[in-house]
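Trainee: The file below is final.txt, compact mmCIF, C-alpha atoms:
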```txt
# COMPACT_ATOMS: atom_id res chain seq x y z
CA MET A 481 2.81 -16.33 -36.36
CA THR A 482 0.02 -15.45 -33.97
CA THR A 483 -2.66 -12.88 -34.61
CA PRO A 484 -2.74 -9.87 -32.26
CA SER A 485 -5.83 -11.28 -30.62
CA ARG A 486 -4.24 -14.65 -29.85
CA GLY A 487 -1.12 -12.88 -28.53
CA SER A 488 -3.27 -10.74 -26.29
CA ASP A 489 -5.21 -13.76 -25.00
CA ARG A 490 -1.93 -15.46 -24.17
CA THR A 491 -0.65 -12.32 -22.41
CA GLU A 492 -3.81 -12.21 -20.31
CA ALA A 493 -3.54 -15.91 -19.47
CA ILE A 494 0.07 -15.45 -18.32
CA MET A 495 -0.82 -12.45 -16.14
CA ARG A 496 -3.85 -14.21 -14.66
CA THR A 497 -1.72 -17.26 -13.89
CA THR A 498 0.92 -15.03 -12.25
CA LEU A 499 -1.69 -13.64 -9.85
CA GLU A 500 -3.28 -17.03 -9.14
CA LEU A 501 -0.02 -18.83 -8.54
CA GLY A 502 1.41 -15.86 -6.61
CA GLN A 503 -1.60 -15.93 -4.32
CA GLU A 504 -1.26 -19.70 -3.81
CA ILE A 505 2.45 -20.01 -3.12
CA GLY A 506 3.61 -16.43 -2.39
CA TYR A 507 5.94 -14.20 -4.36
CA ALA A 508 9.16 -15.67 -2.94
CA LYS A 509 8.41 -19.13 -4.35
CA LEU A 510 6.96 -17.88 -7.62
CA SER A 511 9.09 -18.65 -10.72
CA ILE A 512 8.79 -17.88 -14.41
CA GLU A 513 9.14 -21.63 -15.03
CA ALA A 514 6.13 -22.48 -12.85
CA ILE A 515 4.02 -19.70 -14.41
CA ALA A 516 4.95 -20.88 -17.91
CA ALA A 517 4.06 -24.49 -17.07
CA ARG A 518 0.67 -23.64 -15.61
CA ALA A 519 -0.24 -21.09 -18.30
CA GLY A 520 0.79 -23.52 -21.05
CA ALA A 521 3.23 -20.97 -22.44
CA GLY A 522 6.90 -21.22 -23.31
CA LYS A 523 9.38 -19.78 -20.83
CA HIS A 524 10.99 -17.81 -23.65
CA THR A 525 7.64 -16.31 -24.62
CA ILE A 526 7.43 -14.86 -21.12
CA TYR A 527 11.04 -13.65 -21.03
CA ARG A 528 10.61 -11.95 -24.43
CA ARG A 529 7.98 -9.69 -22.90
CA TRP A 530 9.04 -9.46 -19.25
CA PRO A 531 12.70 -9.33 -18.18
CA SER A 532 12.01 -10.58 -14.65
CA LYS A 533 9.30 -11.99 -12.44
CA GLY A 534 9.03 -8.55 -10.79
CA ALA A 535 8.21 -6.93 -14.15
CA LEU A 536 5.62 -9.64 -14.88
CA LEU A 537 4.03 -9.21 -11.46
CA LEU A 538 3.84 -5.44 -11.91
CA ASP A 539 1.98 -5.79 -15.22
CA SER A 540 -0.30 -8.44 -13.73
CA LEU A 541 -1.19 -6.21 -10.78
CA LEU A 542 -1.74 -3.19 -13.03
CA SER A 543 -4.20 -5.23 -15.11
CA LEU A 544 -6.37 -5.44 -11.97
CA HIS A 545 -5.94 -1.84 -10.94
CA GLU A 546 -6.21 0.34 -14.01
CA SER A 547 -9.82 1.44 -13.64
CA SER A 548 -9.43 2.42 -10.00
CA LEU A 549 -6.73 5.01 -10.70
CA ASP A 550 -9.35 7.58 -11.69
CA TYR A 551 -10.68 10.21 -9.31
CA PRO A 552 -14.34 11.12 -9.28
CA ASP A 553 -15.14 14.83 -9.48
CA THR A 554 -18.38 15.57 -7.68
CA GLY A 555 -17.19 19.07 -6.77
CA ASP A 556 -16.43 18.02 -3.17
CA LEU A 557 -12.68 17.41 -2.82
CA VAL A 558 -12.67 15.58 0.51
CA ALA A 559 -15.56 13.33 -0.52
CA ASP A 560 -13.80 12.50 -3.80
CA LEU A 561 -10.48 11.74 -2.10
CA ARG A 562 -12.35 9.47 0.32
CA THR A 563 -14.07 7.62 -2.52
CA GLN A 564 -10.86 7.12 -4.47
CA ILE A 565 -8.73 6.09 -1.47
CA HIS A 566 -11.44 3.78 -0.12
CA ALA A 567 -11.39 2.00 -3.50
CA ALA A 568 -7.59 1.76 -3.32
CA VAL A 569 -7.60 0.25 0.17
CA ASP A 570 -10.37 -2.17 -0.79
CA LEU A 571 -8.02 -3.47 -3.47
CA LEU A 572 -5.00 -3.49 -1.14
CA GLY A 573 -6.95 -5.15 1.63
CA LYS A 574 -7.69 -8.37 -0.17
CA PRO A 575 -5.76 -11.05 -2.06
CA PRO A 576 -4.29 -11.26 -4.58
CA PHE A 577 -3.52 -7.54 -4.86
CA GLY A 578 -2.50 -6.66 -1.30
CA PRO A 579 0.11 -9.30 -0.46
CA LEU A 580 1.53 -9.30 -3.98
CA TYR A 581 1.79 -5.51 -4.11
CA ARG A 582 3.68 -5.61 -0.80
CA ALA A 583 5.99 -8.26 -2.29
CA LEU A 584 6.53 -6.06 -5.35
CA VAL A 585 7.53 -3.07 -3.21
CA GLY A 586 9.82 -5.43 -1.29
CA GLU A 587 11.43 -6.54 -4.56
CA ALA A 588 11.84 -2.87 -5.58
CA GLN A 589 14.20 -2.40 -2.62
CA SER A 590 16.84 -4.63 -4.22
CA ASN A 591 15.88 -4.49 -7.90
CA PRO A 592 16.29 -1.03 -9.50
CA LEU A 593 14.49 -2.12 -12.69
CA VAL A 594 11.39 -3.08 -10.71
CA ALA A 595 11.61 0.17 -8.72
CA ALA A 596 11.84 2.21 -11.94
CA ALA A 597 8.95 0.33 -13.57
CA LEU A 598 6.78 0.72 -10.44
CA ASN A 599 7.30 4.47 -10.53
CA GLU A 600 6.95 4.90 -14.26
CA ARG A 601 3.94 2.63 -14.74
CA PHE A 602 2.02 3.17 -11.50
CA ILE A 603 3.18 5.92 -9.14
CA THR A 604 3.81 8.71 -11.67
CA PRO A 605 0.45 8.34 -13.50
CA GLN A 606 -1.35 8.11 -10.14
CA ALA A 607 0.45 11.26 -8.94
CA ALA A 608 -0.54 13.12 -12.12
CA LEU A 609 -4.23 12.27 -11.58
CA THR A 610 -4.00 13.26 -7.91
CA VAL A 611 -2.38 16.61 -8.73
CA ALA A 612 -4.98 17.26 -11.45
CA ARG A 613 -7.86 16.65 -9.02
CA LEU A 614 -6.20 18.84 -6.35
CA THR A 615 -5.54 21.62 -8.88
CA THR A 616 -9.22 21.73 -9.83
CA ALA A 617 -10.10 21.85 -6.13
CA ARG A 618 -7.63 24.65 -5.50
CA ASP A 619 -9.14 26.66 -8.35
CA GLN A 620 -12.54 26.16 -6.68
CA GLY A 621 -11.24 27.30 -3.30
CA GLN A 622 -11.36 23.85 -1.66
CA LEU A 623 -7.63 23.46 -1.00
CA SER A 624 -5.17 25.67 0.83
CA PRO A 625 -3.50 27.85 -1.82
CA ALA A 626 -0.22 27.29 0.07
CA PHE A 627 -0.39 23.49 -0.23
CA ASP A 628 2.68 22.20 -2.10
CA LEU A 629 1.25 20.02 -4.89
CA THR A 630 4.61 18.34 -5.49
CA LEU A 631 4.12 16.71 -2.06
CA ALA A 632 0.57 15.54 -2.78
CA MET A 633 1.34 11.84 -3.27
CA ALA A 634 3.82 11.66 -0.38
CA ILE A 635 1.45 13.36 2.07
CA LEU A 636 -1.73 11.55 0.98
CA SER A 637 -0.37 8.08 0.35
CA GLY A 638 2.61 8.05 2.75
CA PRO A 639 0.44 7.20 5.78
CA LEU A 640 -1.16 4.35 3.80
CA TYR A 641 2.22 2.92 2.80
CA PHE A 642 3.37 3.21 6.41
CA GLN A 643 0.41 1.10 7.53
CA LEU A 644 0.77 -1.36 4.63
CA LEU A 645 4.55 -1.89 4.72
CA ILE A 646 5.70 -1.02 8.23
CA THR A 647 3.07 -1.67 10.90
CA GLN A 648 1.24 -4.09 8.57
CA GLU A 649 -2.03 -3.38 10.34
CA PRO A 650 -5.28 -3.51 8.33
CA LEU A 651 -6.02 -0.61 5.99
CA THR A 652 -9.63 0.33 6.71
CA HIS A 653 -12.01 3.05 5.52
CA ASP A 654 -11.95 4.41 9.06
CA TYR A 655 -8.16 4.74 8.94
CA VAL A 656 -8.38 6.61 5.62
CA ASP A 657 -11.01 8.97 7.02
CA ARG A 658 -8.96 9.74 10.12
CA VAL A 659 -5.84 10.39 8.02
CA LEU A 660 -7.72 12.73 5.65
CA ASN A 661 -9.21 14.54 8.61
CA ALA A 662 -5.77 15.05 10.18
CA LEU A 663 -4.22 16.19 6.87
CA PHE A 664 -6.95 18.71 6.14
CA SER A 665 -7.08 20.07 9.70
CA GLY A 666 -3.31 20.30 10.01
CA MET A 667 -1.19 19.90 13.13
CA ALA A 668 -0.90 23.58 14.03
CA LYS A 669 -3.06 24.99 16.80
CA PRO A 670 -5.83 27.04 15.17
CA SER A 671 -4.93 30.70 15.58
CA MET B 984 32.34 -20.45 28.94
CA THR B 985 32.92 -16.86 27.97
CA THR B 986 32.72 -13.90 30.26
CA PRO B 987 29.93 -11.39 29.57
CA SER B 988 32.49 -8.95 28.27
CA ARG B 989 33.99 -11.40 25.77
CA GLY B 990 30.48 -12.40 24.63
CA SER B 991 29.57 -8.78 24.18
CA ASP B 992 32.74 -8.08 22.18
CA ARG B 993 31.92 -11.01 19.93
CA THR B 994 28.33 -9.80 19.48
CA GLU B 995 29.61 -6.37 18.49
CA ALA B 996 32.12 -7.88 16.06
CA ILE B 997 29.37 -9.93 14.40
CA MET B 998 27.06 -6.92 14.07
CA ARG B 999 29.86 -4.72 12.73
CA THR B 1000 30.78 -7.40 10.20
CA THR B 1001 27.12 -7.68 9.15
CA LEU B 1002 27.01 -3.98 8.31
CA GLU B 1003 30.41 -3.96 6.58
CA LEU B 1004 29.72 -7.01 4.47
CA GLY B 1005 26.14 -5.91 3.80
CA GLN B 1006 27.43 -2.60 2.50
CA GLU B 1007 30.03 -4.34 0.31
CA ILE B 1008 27.91 -7.02 -1.32
CA GLY B 1009 24.29 -5.99 -0.63
CA TYR B 1010 21.67 -7.65 1.50
CA ALA B 1011 20.56 -10.16 -1.14
CA LYS B 1012 24.02 -11.78 -1.29
CA LEU B 1013 24.68 -11.57 2.44
CA SER B 1014 24.73 -14.92 4.24
CA ILE B 1015 25.19 -16.01 7.85
CA GLU B 1016 28.03 -18.25 6.62
CA ALA B 1017 29.94 -15.34 5.10
CA ILE B 1018 29.40 -13.17 8.18
CA ALA B 1019 30.61 -15.98 10.45
CA ALA B 1020 33.71 -16.54 8.32
CA ARG B 1021 34.72 -12.89 8.26
CA ALA B 1022 33.91 -12.24 11.93
CA GLY B 1023 35.83 -15.36 12.96
CA ALA B 1024 32.74 -16.71 14.73
CA GLY B 1025 30.97 -20.04 14.49
CA LYS B 1026 27.83 -20.19 12.37
CA HIS B 1027 26.01 -21.81 15.30
CA THR B 1028 27.08 -18.99 17.62
CA ILE B 1029 25.25 -16.61 15.31
CA TYR B 1030 22.17 -18.81 14.91
CA ARG B 1031 21.91 -19.22 18.70
CA ARG B 1032 21.34 -15.50 19.01
CA TRP B 1033 19.68 -14.56 15.72
CA PRO B 1034 17.18 -16.87 13.99
CA SER B 1035 17.69 -15.30 10.54
CA LYS B 1036 19.86 -12.86 8.66
CA GLY B 1037 16.97 -10.35 8.82
CA ALA B 1038 17.01 -10.50 12.64
CA LEU B 1039 20.79 -10.06 12.70
CA LEU B 1040 20.59 -7.11 10.31
CA LEU B 1041 17.89 -5.45 12.44
CA ASP B 1042 20.06 -5.64 15.57
CA SER B 1043 23.09 -4.43 13.65
CA LEU B 1044 21.20 -1.41 12.32
CA LEU B 1045 19.73 -0.62 15.73
CA SER B 1046 23.23 -0.59 17.20
CA LEU B 1047 23.94 2.41 14.91
CA HIS B 1048 20.67 4.16 15.52
CA GLU B 1049 19.85 3.99 19.21
CA SER B 1050 21.06 7.42 20.24
CA SER B 1051 19.21 9.22 17.44
CA LEU B 1052 15.78 7.99 18.56
CA ASP B 1053 15.57 10.76 21.16
CA TYR B 1054 13.76 14.03 20.60
CA PRO B 1055 15.21 17.28 21.86
CA ASP B 1056 12.87 19.48 23.88
CA THR B 1057 13.78 23.12 23.41
CA GLY B 1058 10.16 24.19 23.91
CA ASP B 1059 9.67 24.73 20.16
CA LEU B 1060 7.84 21.72 18.68
CA VAL B 1061 8.45 22.37 14.99
CA ALA B 1062 12.14 23.11 15.57
CA ASP B 1063 12.52 19.91 17.60
CA LEU B 1064 10.75 17.78 15.01
CA ARG B 1065 13.03 19.26 12.36
CA THR B 1066 16.15 18.49 14.41
CA GLN B 1067 15.10 14.90 15.08
CA ILE B 1068 13.93 14.14 11.54
CA HIS B 1069 17.00 15.80 10.00
CA ALA B 1070 19.14 13.44 12.10
CA ALA B 1071 17.06 10.46 10.95
CA VAL B 1072 17.39 11.35 7.26
CA ASP B 1073 21.13 11.98 7.68
CA LEU B 1074 21.38 8.37 8.85
CA LEU B 1075 19.07 7.07 6.10
CA GLY B 1076 20.84 9.08 3.42
CA LYS B 1077 24.20 7.38 3.75
CA PRO B 1078 25.57 3.84 3.71
CA PRO B 1079 25.45 1.48 5.45
CA PHE B 1080 22.19 2.44 7.16
CA GLY B 1081 20.07 3.64 4.23
CA PRO B 1082 20.39 0.80 1.70
CA LEU B 1083 20.38 -1.87 4.42
CA TYR B 1084 17.31 -0.41 6.15
CA ARG B 1085 15.50 -0.43 2.80
CA ALA B 1086 16.54 -4.07 2.36
CA LEU B 1087 15.25 -4.86 5.86
CA VAL B 1088 11.85 -3.33 5.11
CA GLY B 1089 11.85 -5.30 1.85
CA GLU B 1090 12.55 -8.50 3.80
CA ALA B 1091 9.72 -7.63 6.23
CA GLN B 1092 7.26 -7.92 3.32
CA SER B 1093 7.80 -11.67 3.07
CA ASN B 1094 9.14 -12.51 6.54
CA PRO B 1095 6.60 -11.97 9.37
CA LEU B 1096 9.26 -12.50 12.06
CA VAL B 1097 11.35 -9.66 10.66
CA ALA B 1098 8.25 -7.47 10.34
CA ALA B 1099 7.31 -8.16 13.97
CA ALA B 1100 10.84 -7.50 15.22
CA LEU B 1101 11.08 -4.26 13.22
CA ASN B 1102 7.89 -2.99 14.84
CA GLU B 1103 8.65 -4.20 18.33
CA ARG B 1104 12.28 -3.11 18.46
CA PHE B 1105 12.24 0.06 16.36
CA ILE B 1106 8.88 1.46 15.27
CA THR B 1107 6.95 1.11 18.56
CA PRO B 1108 9.65 2.71 20.75
CA GLN B 1109 10.08 5.50 18.20
CA ALA B 1110 6.31 6.07 18.12
CA ALA B 1111 6.21 6.27 21.94
CA LEU B 1112 8.91 8.96 21.97
CA THR B 1113 7.13 10.87 19.18
CA VAL B 1114 3.79 10.77 21.01
CA ALA B 1115 5.47 11.87 24.26
CA ARG B 1116 7.05 14.91 22.56
CA LEU B 1117 3.76 15.79 20.85
CA THR B 1118 1.81 15.41 24.11
CA THR B 1119 4.12 17.88 25.84
CA ALA B 1120 3.68 20.27 22.93
CA ARG B 1121 -0.10 19.92 23.02
CA ASP B 1122 -0.08 20.72 26.74
CA GLN B 1123 1.91 23.84 25.88
CA GLY B 1124 -0.54 24.88 23.17
CA GLN B 1125 1.81 24.13 20.24
CA LEU B 1126 -0.25 21.37 18.61
CA SER B 1127 -3.83 21.31 17.44
CA PRO B 1128 -5.88 19.79 20.30
CA ALA B 1129 -7.82 17.86 17.63
CA PHE B 1130 -4.71 16.14 16.24
CA ASP B 1131 -5.08 12.36 16.55
CA LEU B 1132 -1.90 11.22 18.32
CA THR B 1133 -2.43 7.59 17.29
CA LEU B 1134 -1.70 8.77 13.73
CA ALA B 1135 1.47 10.67 14.67
CA MET B 1136 3.99 8.17 13.26
CA ALA B 1137 1.97 7.46 10.11
CA ILE B 1138 1.49 11.15 9.32
CA LEU B 1139 5.01 12.30 10.21
CA SER B 1140 7.06 9.40 8.87
CA GLY B 1141 4.74 8.15 6.09
CA PRO B 1142 5.95 10.80 3.60
CA LEU B 1143 9.57 9.86 4.42
CA TYR B 1144 8.93 6.16 3.86
CA PHE B 1145 7.16 7.01 0.60
CA GLN B 1146 10.28 8.84 -0.61
CA LEU B 1147 12.65 6.15 0.71
CA LEU B 1148 10.82 3.04 -0.49
CA ILE B 1149 8.62 4.09 -3.41
CA THR B 1150 10.04 7.03 -5.37
CA GLN B 1151 13.54 6.31 -4.00
CA GLU B 1152 14.51 9.94 -4.44
CA PRO B 1153 17.00 11.51 -2.00
CA LEU B 1154 15.75 12.35 1.48
CA THR B 1155 16.97 15.88 2.12
CA HIS B 1156 16.57 18.42 4.91
CA ASP B 1157 14.64 20.57 2.46
CA TYR B 1158 12.18 17.74 1.81
CA VAL B 1159 11.66 17.27 5.57
CA ASP B 1160 11.05 20.99 6.03
CA ARG B 1161 8.51 21.13 3.22
CA VAL B 1162 6.66 18.09 4.58
CA LEU B 1163 6.52 19.54 8.11
CA ASN B 1164 5.30 22.84 6.72
CA ALA B 1165 2.52 21.11 4.78
CA LEU B 1166 1.50 18.95 7.77
CA PHE B 1167 1.33 21.88 10.17
CA SER B 1168 -0.49 24.19 7.74
CA GLY B 1169 -2.95 21.51 6.67
CA MET B 1170 -4.63 21.07 3.30
CA ALA B 1171 -7.86 22.91 4.08
CA LYS B 1172 -8.34 26.46 2.84
CA PRO B 1173 -7.92 28.81 5.82
CA SER B 1174 -11.39 29.92 6.87
```
Could you show the structure in this file as structure tokens?

Mentor:
Amino acid sequence: MTTPSRGSDRTEAIMRTTLELGQEIGYAKLSIEAIAARAGAGKHTIYRRWPSKGALLLDSLLSLHESSLDYPDTGDLVADLRTQIHAAVDLLGKPPFGPLYRALVGEAQSNPLVAAALNERFITPQAALTVARLTTARDQGQLSPAFDLTLAMAILSGPLYFQLLITQEPLTHDYVDRVLNALFSGMAKPS
Amino acid sequence: MTTPSRGSDRTEAIMRTTLELGQEIGYAKLSIEAIAARAGAGKHTIYRRWPSKGALLLDSLLSLHESSLDYPDTGDLVADLRTQIHAAVDLLGKPPFGPLYRALVGEAQSNPLVAAALNERFITPQAALTVARLTTARDQGQLSPAFDLTLAMAILSGPLYFQLLITQEPLTHDYVDRVLNALFSGMAKPS
């Protein structure tokens, strides 16, 4: 039997190894066997906790990301969105997070369990925080009362995913600022 | 030696087989060998034209999609965007295009040649047509003169890719209409 603390240390070592090895050899070549060998853990120990390498990668990435899910609230909606999304693209822009997150989304296209876990563990909580920040802003008169909050994540993060997954051009602070500017101004000619 | 017409028939048969077999067994299990066997073509014939199964799938999907790249121009920008994007989501919403296009984008996350081909053959031409339609509309006073046309594809298609690749919820005409409404209205409180 292991104590909770030793189990937690081992979990952290496995997740850290997943990110290190993933960064070195890429997600396609990553295997549970190789992670187990380098982390000094049994293969069955890993499979008991994670059903697939996609599930293990998701947890490993989330361990890096948790603190940056939060939105600041300085009272200025656009400034706070900029701060939060700049932090997100800083994470996405550098290894190991960026390339491995792209690989995870790739895996989610053929693996429904990974897709479900990605949404449940990452997208849904992030959407809830986004909607909460936008609701506060709407109550303070900083957001169009007509803006459909159920679209918040799609509208705000869609252009980032397009750049990350489709054009694969760098995600920069400047890009974020231009997108926010376009979304707040709107496409309609001012009347 | 084959005549151009026989070569073209064979090319079409290979692409049709790729879509049929891809729909039956999924992209992950699809192989050039299996496509060659069912299409009655030599494996080397396929490899001479397409360096990978991702490249072959891209061409096969484009053969379904080419006509729906065009935008109508009725003089009403929002109506024309709706018509074009409704047609795109009709294609994405049903097999074989939808699941195989998702698989192709997944493949593009680990295969730079597929990513480059996707952009060169599909995204860039589509962006050019989108910008052309928006430029006409701007000249006619139907688009905010401040709207950054270099962001057109990211802003208009980003929310669709988010739904297709991340939440994996159905892409409906209603969703398209709500996104267009939000993008044209903008997020800022009307002054």

Trainee: Name the residues in contact with A:Trp530 at a cut-off of 12 Å, using all atoms listed in the file, excluding same-chain residues fewer than 2 positions from it; report them as an MDAnalysis selection string.

Mentor: chainID A and resid 491 494:495 512 523:528 532:540 593:594 597

Trainee: Excluding same-chain residues fewer than 3 positions from B:Ala1115, what lies within 12 Å of it counting all atoms listed in the file, as a list in words?

Mentor: Asp1053, Tyr1054, Pro1055, Asp1056, Leu1060, Pro1108, Gln1109, Ala1110, Ala1111, Leu1112, Thr1118, Thr1119, Ala1120, Arg1121, Asp1122, Leu1132, Thr1133, Ala1135 and Met1136 of chain B

Trainee: Please compute the atom CA of B:Thr1000-atom CA of B:Gly1023 distance, one decimal, in Å.

Mentor: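 Going from atom CA of B:Thr1000 over to atom CA of B:Gly1023 covers 9.8 Å.
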
Trainee: When you get a sec, could you note down which chain B residues fall within 7 Å of chain A, using all atoms listed in the file, as a PyMOL selection string?

Mentor: chain B and resi 1085-1086+1089-1090+1092-1093+1102+1124-1128+1130-1131+1137-1138+1141-1142+1144-1145+1148+1150+1165-1173

Trainee: For the residues in that selection, give me C-alpha atoms as a PDB file, in the frame of the given file.

Mentor:
```pdb
ATOM      1  CA  ARG B1085      15.500  -0.430   2.800  1.00  0.00           C
ATOM      2  CA  ALA B1086      16.540  -4.070   2.360  1.00  0.00           C
ATOM      3  CA  GLY B1089      11.850  -5.300   1.850  1.00  0.00           C
ATOM      4  CA  GLU B1090      12.550  -8.500   3.800  1.00  0.00           C
ATOM      5  CA  GLN B1092       7.260  -7.920   3.320  1.00  0.00           C
ATOM      6  CA  SER B1093       7.800 -11.670   3.070  1.00  0.00           C
ATOM      7  CA  ASN B1102       7.890  -2.990  14.840  1.00  0.00           C
ATOM      8  CA  GLY B1124      -0.540  24.880  23.170  1.00  0.00           C
ATOM      9  CA  GLN B1125       1.810  24.130  20.240  1.00  0.00           C
ATOM     10  CA  LEU B1126      -0.250  21.370  18.610  1.00  0.00           C
ATOM     11  CA  SER B1127      -3.830  21.310  17.440  1.00  0.00           C
ATOM     12  CA  PRO B1128      -5.880  19.790  20.300  1.00  0.00           C
ATOM     13  CA  PHE B1130      -4.710  16.140  16.240  1.00  0.00           C
ATOM     14  CA  ASP B1131      -5.080  12.360  16.550  1.00  0.00           C
ATOM     15  CA  ALA B1137       1.970   7.460  10.110  1.00  0.00           C
ATOM     16  CA  ILE B1138       1.490  11.150   9.320  1.00  0.00           C
ATOM     17  CA  GLY B1141       4.740   8.150   6.090  1.00  0.00           C
ATOM     18  CA  PRO B1142       5.950  10.800   3.600  1.00  0.00           C
ATOM     19  CA  TYR B1144       8.930   6.160   3.860  1.00  0.00           C
ATOM     20  CA  PHE B1145       7.160   7.010   0.600  1.00  0.00           C
ATOM     21  CA  LEU B1148      10.820   3.040  -0.490  1.00  0.00           C
ATOM     22  CA  THR B1150      10.040   7.030  -5.370  1.00  0.00           C
ATOM     23  CA  ALA B1165       2.520  21.110   4.780  1.00  0.00           C
ATOM     24  CA  LEU B1166       1.500  18.950   7.770  1.00  0.00           C
ATOM     25  CA  PHE B1167       1.330  21.880  10.170  1.00  0.00           C
ATOM     26  CA  SER B1168      -0.490  24.190   7.740  1.00  0.00           C
ATOM     27  CA  GLY B1169      -2.950  21.510   6.670  1.00  0.00           C
ATOM     28  CA  MET B1170      -4.630  21.070   3.300  1.00  0.00           C
ATOM     29  CA  ALA B1171      -7.860  22.910   4.080  1.00  0.00           C
ATOM     30  CA  LYS B1172      -8.340  26.460   2.840  1.00  0.00           C
ATOM     31  CA  PRO B1173      -7.920  28.810   5.820  1.00  0.00           C
TER      32      PRO B1173
END
```

Trainee: Can you measure atom CA of A:Glu649 to atom CA of B:Asp1063 for me? One decimal in Å is fine.

Mentor: 28.4 Å

Trainee: Please report the interatomic distance between atom CA of B:Arg1065 and atom CA of B:Leu1044 in Å with one decimal.

Mentor: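 Interatomic distance here is 22.2 Å.
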